[in-house]
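S.K.: This is the structure, below, for whatever I ask next.
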Number of protein chains: 6
Amino acid sequence: MRLLLVNPNTTGSMTEQMAEIARSVAPPGTDIVPLTAKSGFPYISSRAEAQVAGALALEMIAGAADRTDAAIIAAFGDPGLSAARDLFGFPVVGMAQAALQMAAVLGERISIVTFSPVMRRWYTDSVCDAGLLSRFTGVRTPPTHLTDLGDVQDRLRPELLRLCALAAEEDGADVVVLGGAPLAGLASKLGNEAGVRLVDPISAATLQAVALASLARSQGRLAVRKGALAKPTMGLSPPLARHFEGKATP
Amino acid sequence: MRLLLVNPNTTGSMTEQMAEIARSVAPPGTDIVPLTAKSGFPYISSRAEAQVAGALALEMIAGAADRTDAAIIAAFGDPGLSAARDLFGFPVVGMAQAALQMAAVLGERISIVTFSPVMRRWYTDSVCDAGLLSRFTGVRTPPTHLTDLGDVQDRLRPELLRLCALAAEEDGADVVVLGGAPLAGLASKLGNEAGVRLVDPISAATLQAVALASLARSQGRLAVRKGALAKPTMGLSPPLARHFEGKATP
Amino acid sequence: MRLLLVNPNTTGSMTEQMAEIARSVAPPGTDIVPLTAKSGFPYISSRAEAQVAGALALEMIAGAADRTDAAIIAAFGDPGLSAARDLFGFPVVGMAQAALQMAAVLGERISIVTFSPVMRRWYTDSVCDAGLLSRFTGVRTPPTHLTDLGDVQDRLRPELLRLCALAAEEDGADVVVLGGAPLAGLASKLGNEAGVRLVDPISAATLQAVALASLARSQGRLAVRKGALAKPTMGLSPPLARHFEGKATP
Amino acid sequence: MRLLLVNPNTTGSMTEQMAEIARSVAPPGTDIVPLTAKSGFPYISSRAEAQVAGALALEMIAGAADRTDAAIIAAFGDPGLSAARDLFGFPVVGMAQAALQMAAVLGERISIVTFSPVMRRWYTDSVCDAGLLSRFTGVRTPPTHLTDLGDVQDRLRPELLRLCALAAEEDGADVVVLGGAPLAGLASKLGNEAGVRLVDPISAATLQAVALASLARSQGRLAVRKGALAKPTMGLSPPLARHFEGKATP
Amino acid sequence: MRLLLVNPNTTGSMTEQMAEIARSVAPPGTDIVPLTAKSGFPYISSRAEAQVAGALALEMIAGAADRTDAAIIAAFGDPGLSAARDLFGFPVVGMAQAALQMAAVLGERISIVTFSPVMRRWYTDSVCDAGLLSRFTGVRTPPTHLTDLGDVQDRLRPELLRLCALAAEEDGADVVVLGGAPLAGLASKLGNEAGVRLVDPISAATLQAVALASLARSQGRLAVRKGALAKPTMGLSPPLARHFEGKATP
Amino acid sequence: MRLLLVNPNTTGSMTEQMAEIARSVAPPGTDIVPLTAKSGFPYISSRAEAQVAGALALEMIAGAADRTDAAIIAAFGDPGLSAARDLFGFPVVGMAQAALQMAAVLGERISIVTFSPVMRRWYTDSVCDAGLLSRFTGVRTPPTHLTDLGDVQDRLRPELLRLCALAAEEDGADVVVLGGAPLAGLASKLGNEAGVRLVDPISAATLQAVALASLARSQGRLAVRKGALAKPTMGLSPPLARHFEGKATP
């Protein structure tokens with residue numbers, strides 16, 4: 001099984017860290033293909049950035065689409081997710097949406113804890129897109145934005161544990177999603193210390209992608225998508241153009 | 001990995017058929033434990049029946065909870081699902097909810113095709129519970145209820161293919177969930193002939209249960225649930241009583 | 001007029017107290033038939049408990065259905081309410097739903113004040129089921145759960161008055177529902193002292209049941225319900241089986 | 001118990017017919033006080049008309065408010081209902097809202113059948129105001145508007161029976177509200193012939209008003225309303241001015 | 001272009017102040033026709049008052065409807081707005097609705113800052129009517145109601161600046177609507193000092209009325225409205241009666 | 001006043017046609033600056049295309065942002081609208097959203113009539129984004145997609161008139177939006193012949209942009225936006241990079 005792990009940001013070290021976690025939770029024999037954006041932003045925290053990064057994500061997926069079983073958009077706000085589902089014939093999974101959907105199975109009320117107040121609105125949009133606003137208890141963050149995110153899992157550990165406890169005690173959350181690529185993999189390190197169920201988004205997205213690719217496989221092949229009309233394009237990368245022009249191998 | 005496959009109906013042959021499909025999609029080494037209700041109804045088609053069958057499902061799960069990684073409630077309307085999530089420390093998955101959530105990733109608009117008009121309202125309730133009503137294009141069924149459901153996949157095959165085509169062409173569905181235990185496994189047999197993406201609920205539920213149990217495992221162990229207050233009980237089955245009284249092994 | 005007052009909990013003293021209030025508000029000649037569950041829980045505070053208690057409520061109603069004009073499910077979260085409406089031909093009223101609906105006529109914004117923080121989520125679910133979340137200002141409770149509920153109306157009186165005042169002043173509630181069987185009848189004792197309109201749930205449920213039974217009577221007889229298909233059952237109590245099997249006297 | 005039956009239209013014969021039905025369903029000793037608007041419209045079928053008629057309803061209620069236990073706004077679209085609840089200290093009940101709320105207890109899906117296509121939008125607004133749109137299966141009406149409404153219950157009887165049957169069979173309604181003052185009392189004449197549960201709005205409103213007035217009585221007295229600031233007025237009828245100026249006897 | 005500026009309150013000085021602002025933002029050659037109610041209330045702060053004042057607004061508009069291009073209902077809660085849209089053939093604009101719609105284009109999350117806590121609920125209803133509740137961050141007001149509103153823009157200036165800052169910083173508002181006629185024109189005086197985008201309701205309503213009247217003009221003429229059935233009336237002002245009776249010049 | 005008219009498609013003739021209409025409705029002295037995308041698609045009919053075209057729209061606006069008073073995204077589905085609002089300090093208006101908002105003032109229920117069935121889903125998304133789904137009566141289109149759109153206003157004229165009539169008569173629409181750039185300007189040509197109020201999207205968007213720019217001007221200057229954190233970028237067009245990096249002239 002071949003899964004694209006598409007980081008629509010330019011921070012390659014983050015891609016590597018997420019790929020490692022994805023490999024650790026995927027079944028043996030899964031081929032995780034990490035891709036990092038060559039232009040755009042070091043991280044995404046607004047709709048304006050997501051508009052650009054989402055277009056880059058389509059280009060990245062189109063360029064690696066051959067023999068792919070599923071793609072993971074590996075940035076918490078899921079830039080380009082609905083567009084990619086519109087364009088490609090294989091399942092496309094978003095890190096935020098997968099984490100929130102799994103959290104919604106594991107408990108009734110869901111919180112997000114993350115590393116910076118800057119992400120609050122952007123992440124709340126994800127909850128809204130996932131249709132889970134009525135079960136959402138809010139985003140908990142440290143009061144200030146750290147400009148240097150290196151080693152953030154260690155430096156913020158006590159603060160993040162405190163925020164998880166507040167989410168559970170004061171907000172009534174049953175499950176906490178640890179949002180944002182810099183916190184990837186932290187859930188398994190905090191374990192029971194958090195006093196509340198945790199969800200790691202990249203693990204959730206990988207496991208959801210595996211499940212969807214297996215579903216496709218078990219049914220022979222998913223019937224082809226009913227996409228939009230093929231049409232001519234100008235100035236797009238050749239693989240992306242082929243998809244929009246209806247010339248990609250299905 | 002040990003997964004309970006809990007059929008809250010009394011029809012054992014249906015349990016066997018679903019267990020076989022579950023085994024075929026689960027990764028090697030998964031232990032699928034089928035359970036059939038000893039009282040109740042041959043199948044469920046109303047909220048009144050679900051009230052009773054859901055209570056039976058709790059009893060069945062409690063009786064087999066030891067060393068369980070996840071439970072699947074294997075009836076399309078998911079009787080007892082939210083109650084079971086409230087009571088047990090491991091993930092509990094519903095056949096309808098899992099199928100609908102996976103369908104919602106695979107396409108924008110979702111239809112259910114099933115074998116009898118009797119199920120229409122009951123299945124629509126499931127879509128509502130899953131929070132997906134705004135993306136639902138309706139239930140398509142044959143005009144009349146067959147009293148003998150034996151061999152229904154073969155006898156209704158042309159009719160079901162026709163209903164799938166109508167769901168896609170007239171209702172604008174991108175994905176069709178083939179709802180109801182009697183249609184378990186049919187999706188892989190129809191394949192591309194249906195002209196629309198299909199989802200098999202028992203496959204979807206099994207793969208979702210595997211994903212959630214893997215998520216739990218990857219994070220050491222999910223932190224314990226924040227359940228309701230333990231309290232004394234009267235007249236319940238001993239294993240179920242132990243869960244409500246807070247005496248079950250976590 | 002014969003009204004069943006069905007307490008799906010095992011605490012008989014509570015049933016008696018509620019029956020007395022019901023008799024005091026019903027018109028002369030109303031026959032209030034109190035029933036107490038013989039198994040289950042001393043009180044209900046979660047969906048898991050409601051799944052079991054709701055099934056018991058169906059059995060209790062079925063056993064006393066003959067010549068009944070309406071039934072009241074006399075526990076604040078209304079366990080089994082929609083199932084009972086599905087199964088029986090006479091009106092079935094829930095204590096929480098009736099209180100919230102009447103409160104919604106008496107004022108624009110509604111609060112619940114109750115005796116324990118444990119009930120908060122469970123009672124909020126009731127508001128949601130009643131479709132009144134957008135007019136709800138929240139549940140106000142004492143900070144801790146009393147294990148001994150005897151004499152709670154007297155012991156908590158100052159605290160409950162304080163919570164009513166907070167609901168009105170800080171939350172902007174026009175009407176306060178005093179939720180939970182242990183507070184049954186308290187509204188008339190607090191009277192104007194609360195500084196806000198109060199609703200007593202068992203009074204509200206009784207008066208709503210009387211109104212619905214009168215409506216049925218004034219129209220000759222309500223046309224028969226369009227229920228689910230009758231079907232065979234296994235292991236249910238004989239009266240409940242008769243209802244599911246379509247053999248009950250209409 | 002003194003109940004105002006306020007017809008905000010100018011058609012006195014309709015007021016009399018509704019008062020008679022109200023008296024037939026209210027408990028012995030209830031004093032039904034019928035009031036007919038002295039200006040305005042013969043019937044109401046738009047929001048513009050309801051703006052004017054609702055203001056008249058306030059004036060009519062203010063003029064008869066002394067020693068009143070509850071008021072019924074006796075026109076199906078409930079003109080002035082929320083305004084009256086804002087202004088008066090006793091319960092105010094709307095014919096449409098009461099009928100729809102009772103219907104929502106008697107069944108899951110609700111239809112309105114009425115005598116003219118002109119009322120469709122206006123009545124749908126009532127369902128929306130009652131928060132019941134998600135359970136509404138639509139308005140069924142004859143294809144054309146009769147200009148002479150005399151004897152309409154007899155002349156339209158076969159057509160209305162046919163519409164009730166369509167509401168049940170095609171739309172899936174469990175309960176049909178027979179909307180509009182010209183159909184007042186028809187439900188009890190059609191009885192089981194309709195093949196679906198019927199609700200008569202003026203009966204429903206009367207019984208709801210009785211229930212709410214009884215609730216108020218059982219609790220000593222409802223605590224005073226938290227209305228808007230009293231303020232000076234110009235040019236209003238003296239009783240209405242007294243209410244707005246905070247000088248009415250509570 | 002002729003625009004009615006209809007103040008449904010009796011405070012003429014307020015009408016003049018709003019007309020002056022309307023003239024300053026409208027294009028040259030726009031004829032702003034100010035009208036002040038001759039009966040009713042000095043200001044409006046409840047639904048009961050709006051029921052009466054809205055009926056007056058219909059009468060005022062009907063009396064000046066000839067050769068009118070659009071009407072502005074110049075009170076923040078928009079009394080009579082939907083009724084007027086139902087009755088008249090030219091566009092009718094509400095001060096609250098126009099301000100909120102423009103604010104919704106200028107930013108994602110919207111707050112209202114006003115001069116008195118008394119307006120809180122009434123103004124929140126406006127947000128609800130505009131369908132913008134999900135993007136609303138609340139009403140911010142001084143803690144007490146001033147009985148003398150003369151010079152309120154100067155006396156409350158520091159307090160209102162503080163409330164704007166709180167709306168932006170604590171509530172996360174992108175845009176603040178300065179609600180209520182007494183604050184008309186304040187936005188342009190505060191300017192950048194507020195630290196957040198401001199919207200002046202009477203400016204917004206005037207500009208929206210100009211835009212809608214221009215739209216009508218650019219399309220020749222808006223096709224005639226599909227209103228309710230014309231019908232006889234009793235006791236209404238002659239111009240209003242003509243509109244309801246279908247005798248007004250289109 | 002300088003308004004950008006940004007066509008995110010590559011069809012320049014369409015841009016010219018829309019610019020001409022914009023100039024005809026804008027007040028004298030308005031400078032309409034038309035821009036046509038240099039890469040992308042001849043027209044847009046899916047979310048995948050909108051992801052790419054929306055990113056192009058940001059680049060186009062950034063390149064012409066100096067001394068701009070407002071921007072119009074001149075494609076009916078509004079690609080990049082919320083992203084552009086996030087990034088730029090002046091108002092940004094969408095053709096679909098402006099048309100739908102104006103239609104919502106002109107009538108209660110809104111329909112879209114367009115030239116091709118291919119646009120149905122894409123245009124429905126716009127109604128959803130505008131928060132107007134509950135007042136939407138659907139998209140009416142010819143049954144088939146014309147590959148040659150030249151002269152479409154003339155060739156489809158009878159069919160479009162028929163669709164407008166169906167929207168009004170069968171669907172109950174009060175206002176019809178003539179959606180899609182190929183129908184730009186048609187509303188004023190059909191006039192009263194359509195039998196229902198029409199809205200021309202490019203006229204609506206231009207007039208809304210004028211109103212918002214005037215609002216900004218009347219308040220001195222809108223306070224600066226509270227955007228996302230400035231951050232480094234890679235590989236973006238220099239003007240777009242400057243906006244994301246916080247270096248653009250405000």
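Chain labels A, B, ... are given in the sequence in which chains occur in the structure tokens; within each chain residues are numbered consecutively from 1, and ligands are likewise numbered from 1 in the order shown.
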Counting only C-alpha atoms, which residues of chain F come no farther than 9 Å from chain A, as JSON, numbers by chain?

M.R.: {"F": [10, 38, 39, 40, 41, 42, 43, 45, 46, 47, 48, 49, 50, 51, 52, 53, 54, 55, 56, 58, 80, 82, 83, 84, 85, 86, 87, 118, 227, 228, 229, 231, 232, 233, 234, 235, 236, 244]}

S.K.: Enumerate the residues of region 111-188 of chain B with a DSSP assignment of helix (DSSP H, G or I), computed from the backbone, and present them as number ranges by chain.

M.R.: B: 117-129, 133-135, 152-155, 157-169, 181-183, 186-188

S.K.: Which residues, written as a list of chain:residue names, have at least one atom at most 6 Å from region 99-107 of chain A, with only C-alpha atoms counted and residues fewer than 3 positions away on the same chain left out?

M.R.: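 Close residues of region 99-107 of chain A: A:Ala96, A:Asp174, A:Val175, A:Pro201, A:Ala204.
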
S.K.: For Leu4 (chain D), please output as a compact mmCIF listing (two decimals) with C-alpha atoms, in the first residue's frame all residues within 12 Å (counting only C-alpha atoms; exclusion window: fewer than 2 positions along the same chain).

M.R.:
```
# COMPACT_ATOMS: atom_id res chain seq x y z
CA MET D 1 -60.22 30.17 35.16
CA ARG D 2 -60.59 33.06 32.72
CA VAL D 6 -58.42 36.85 20.92
CA ASN D 7 -59.29 36.76 17.22
CA PRO D 8 -57.07 39.45 15.65
CA THR D 15 -64.63 33.94 16.72
CA MET D 18 -63.80 28.91 17.86
CA ALA D 19 -65.18 29.94 21.26
CA ALA D 22 -62.80 26.04 23.19
CA ARG D 23 -65.69 25.70 25.65
CA THR D 30 -63.57 27.73 32.51
CA ASP D 31 -64.62 31.20 31.40
CA ILE D 32 -63.81 31.64 27.68
CA VAL D 33 -63.90 35.37 26.75
CA PRO D 34 -64.10 35.83 22.96
CA LEU D 35 -62.79 39.07 21.41
CA THR D 36 -62.95 40.09 17.73
CA ALA D 57 -53.94 41.83 19.38
CA LEU D 58 -51.78 43.58 21.99
CA MET D 60 -57.22 43.75 22.61
CA ILE D 61 -55.41 41.75 25.30
CA ALA D 62 -54.43 44.88 27.24
CA GLY D 63 -58.06 46.00 27.26
CA ALA D 64 -59.22 42.74 28.86
CA ALA D 65 -56.19 41.79 30.92
CA ASP D 66 -57.67 42.18 34.37
CA ARG D 67 -58.15 38.91 36.22
CA THR D 68 -57.10 36.96 33.14
CA ASP D 69 -55.35 33.60 33.60
CA ALA D 70 -54.14 33.14 30.04
CA ALA D 71 -54.72 34.44 26.50
CA ILE D 72 -55.10 32.55 23.23
CA ILE D 73 -54.20 34.30 19.96
CA ALA D 74 -56.81 32.69 17.76
CA PHE D 90 -49.89 35.67 32.22
CA PRO D 91 -49.26 32.90 29.66
CA VAL D 92 -50.08 33.70 26.03
CA VAL D 93 -50.69 30.81 23.67
CA GLY D 94 -50.69 30.75 19.85
CA ALA D 205 -54.46 26.02 22.04
CA THR D 206 -57.26 25.90 24.60
CA ALA D 209 -53.68 27.49 27.85
CA VAL D 210 -55.52 25.52 30.53
CA ALA D 213 -52.73 28.52 33.71
```

S.K.: Tell me, as a list in words, which residues lie within 12 Å of Thr137 (chain E), counting only C-alpha atoms; anything in the same chain fewer than 6 positions away does not count.

M.R.: Glu108, Arg109, Ile110, Ser111, Ile112, Val113, Thr124, Val127, Cys164, Leu166, Ala167, Ala168, Glu169, Glu170, Asp171, Gly172, Ala173, Asp174, Val175, Val176 and Val177 of chain E

S.K.: Please produce an output containing N, CA, C and O atoms for each residue in the selection, written as an mmCIF file, in the first residue's frame.

M.R.:
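This went into selection-v3.cif:
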```
data_model
loop_
_atom_site.group_PDB
_atom_site.id
_atom_site.type_symbol
_atom_site.label_atom_id
_atom_site.label_comp_id
_atom_site.auth_asym_id
_atom_site.auth_seq_id
_atom_site.Cartn_x
_atom_site.Cartn_y
_atom_site.Cartn_z
ATOM 1 N N GLU E 108 -14.585 38.621 9.644
ATOM 2 C CA GLU E 108 -15.179 37.312 9.892
ATOM 3 C C GLU E 108 -16.070 37.336 11.128
ATOM 4 O O GLU E 108 -17.154 36.792 11.126
ATOM 5 N N ARG E 109 -15.605 37.977 12.190
ATOM 6 C CA ARG E 109 -16.374 37.955 13.443
ATOM 7 C C ARG E 109 -16.791 39.366 13.844
ATOM 8 O O ARG E 109 -16.018 40.301 13.756
ATOM 9 N N ILE E 110 -18.034 39.475 14.274
ATOM 10 C CA ILE E 110 -18.692 40.749 14.412
ATOM 11 C C ILE E 110 -19.147 40.950 15.851
ATOM 12 O O ILE E 110 -19.696 40.045 16.473
ATOM 13 N N SER E 111 -18.960 42.165 16.364
ATOM 14 C CA SER E 111 -19.461 42.534 17.688
ATOM 15 C C SER E 111 -20.380 43.742 17.555
ATOM 16 O O SER E 111 -20.299 44.493 16.583
ATOM 17 N N ILE E 112 -21.269 43.919 18.510
ATOM 18 C CA ILE E 112 -22.024 45.164 18.629
ATOM 19 C C ILE E 112 -21.589 45.845 19.926
ATOM 20 O O ILE E 112 -21.503 45.196 20.969
ATOM 21 N N VAL E 113 -21.277 47.135 19.845
ATOM 22 C CA VAL E 113 -21.051 47.940 21.039
ATOM 23 C C VAL E 113 -22.173 48.970 21.080
ATOM 24 O O VAL E 113 -22.480 49.597 20.059
ATOM 25 N N THR E 124 -29.425 41.430 20.006
ATOM 26 C CA THR E 124 -29.035 40.060 19.665
ATOM 27 C C THR E 124 -30.078 39.428 18.745
ATOM 28 O O THR E 124 -29.744 38.670 17.834
ATOM 29 N N VAL E 127 -29.198 40.162 15.209
ATOM 30 C CA VAL E 127 -28.125 39.327 14.657
ATOM 31 C C VAL E 127 -28.706 37.998 14.206
ATOM 32 O O VAL E 127 -28.372 37.461 13.145
ATOM 33 N N CYS E 164 -14.904 48.765 22.658
ATOM 34 C CA CYS E 164 -14.418 48.344 21.334
ATOM 35 C C CYS E 164 -13.132 47.531 21.475
ATOM 36 O O CYS E 164 -12.951 46.504 20.816
ATOM 37 N N LEU E 166 -12.140 45.811 24.073
ATOM 38 C CA LEU E 166 -12.471 44.502 24.647
ATOM 39 C C LEU E 166 -13.080 43.577 23.597
ATOM 40 O O LEU E 166 -12.778 42.382 23.551
ATOM 41 N N ALA E 167 -13.974 44.132 22.765
ATOM 42 C CA ALA E 167 -14.590 43.317 21.716
ATOM 43 C C ALA E 167 -13.522 42.733 20.803
ATOM 44 O O ALA E 167 -13.592 41.564 20.399
ATOM 45 N N ALA E 168 -12.516 43.546 20.476
ATOM 46 C CA ALA E 168 -11.452 43.070 19.585
ATOM 47 C C ALA E 168 -10.512 42.104 20.301
ATOM 48 O O ALA E 168 -10.239 41.001 19.817
ATOM 49 N N GLU E 169 -10.041 42.502 21.478
ATOM 50 C CA GLU E 169 -8.994 41.712 22.143
ATOM 51 C C GLU E 169 -9.553 40.449 22.791
ATOM 52 O O GLU E 169 -9.029 39.366 22.616
ATOM 53 N N GLU E 170 -10.618 40.600 23.596
ATOM 54 C CA GLU E 170 -11.102 39.451 24.358
ATOM 55 C C GLU E 170 -12.078 38.588 23.575
ATOM 56 O O GLU E 170 -12.094 37.379 23.718
ATOM 57 N N ASP E 171 -12.926 39.235 22.771
ATOM 58 C CA ASP E 171 -13.954 38.470 22.081
ATOM 59 C C ASP E 171 -13.510 38.063 20.677
ATOM 60 O O ASP E 171 -14.153 37.233 20.044
ATOM 61 N N GLY E 172 -12.423 38.649 20.188
ATOM 62 C CA GLY E 172 -11.917 38.267 18.871
ATOM 63 C C GLY E 172 -12.700 38.863 17.715
ATOM 64 O O GLY E 172 -12.659 38.335 16.601
ATOM 65 N N ALA E 173 -13.384 39.969 17.943
ATOM 66 C CA ALA E 173 -14.142 40.598 16.848
ATOM 67 C C ALA E 173 -13.194 41.270 15.853
ATOM 68 O O ALA E 173 -12.194 41.872 16.240
ATOM 69 N N ASP E 174 -13.528 41.154 14.563
ATOM 70 C CA ASP E 174 -12.803 41.871 13.508
ATOM 71 C C ASP E 174 -13.447 43.221 13.220
ATOM 72 O O ASP E 174 -12.786 44.134 12.742
ATOM 73 N N VAL E 175 -14.750 43.287 13.438
ATOM 74 C CA VAL E 175 -15.510 44.483 13.112
ATOM 75 C C VAL E 175 -16.480 44.758 14.252
ATOM 76 O O VAL E 175 -17.072 43.825 14.791
ATOM 77 N N VAL E 176 -16.645 46.031 14.595
ATOM 78 C CA VAL E 176 -17.600 46.414 15.628
ATOM 79 C C VAL E 176 -18.671 47.306 15.012
ATOM 80 O O VAL E 176 -18.359 48.321 14.382
ATOM 81 N N VAL E 177 -19.937 46.908 15.180
ATOM 82 C CA VAL E 177 -21.056 47.757 14.791
ATOM 83 C C VAL E 177 -21.426 48.624 15.996
ATOM 84 O O VAL E 177 -21.665 48.095 17.082
#
```

S.K.: I want to know what sits within 12 Å of Leu146 (chain A), based on only C-alpha atoms, with residues of the same chain fewer than 3 positions away left out; could you give that as a compact mmCIF listing (two decimals) with C-alpha atoms, in the first residue's frame?

M.R.:
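Contents of part.txt, as written:
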```
# COMPACT_ATOMS: atom_id res chain seq x y z
CA THR A 114 -1.99 23.45 20.63
CA PHE A 115 1.31 25.33 20.96
CA SER A 116 0.34 28.91 19.99
CA PRO A 117 -2.58 31.33 20.32
CA VAL A 118 -2.05 32.26 16.67
CA MET A 119 -3.64 28.97 15.58
CA THR A 141 -3.20 27.39 23.98
CA PRO A 142 -0.30 28.97 25.84
CA PRO A 143 -0.79 32.74 26.13
CA LEU A 149 9.50 26.10 17.65
CA GLY A 150 12.55 23.84 18.04
CA ASP A 151 12.19 21.41 20.93
CA VAL A 152 8.69 22.71 21.61
CA ARG A 155 9.84 23.02 26.55
CA LEU A 156 6.04 23.28 26.60
CA PRO A 182 5.05 20.60 15.92
CA LEU F 229 1.25 36.71 11.68
```

S.K.: Taking only region 125-212 of chain F into account, list the residues labelled strand (DSSP E) by DSSP (computed from the backbone), as a ChimeraX atom specification.

M.R.: /F:136-140,175-178,197-199

S.K.: Would you work out the distance separating CA of Pro158 (chain A) from CA of Arg217 (chain B), expressed in Å to one decimal?

M.R.: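 Rounded to one decimal, the two atoms are 23.6 Å apart.
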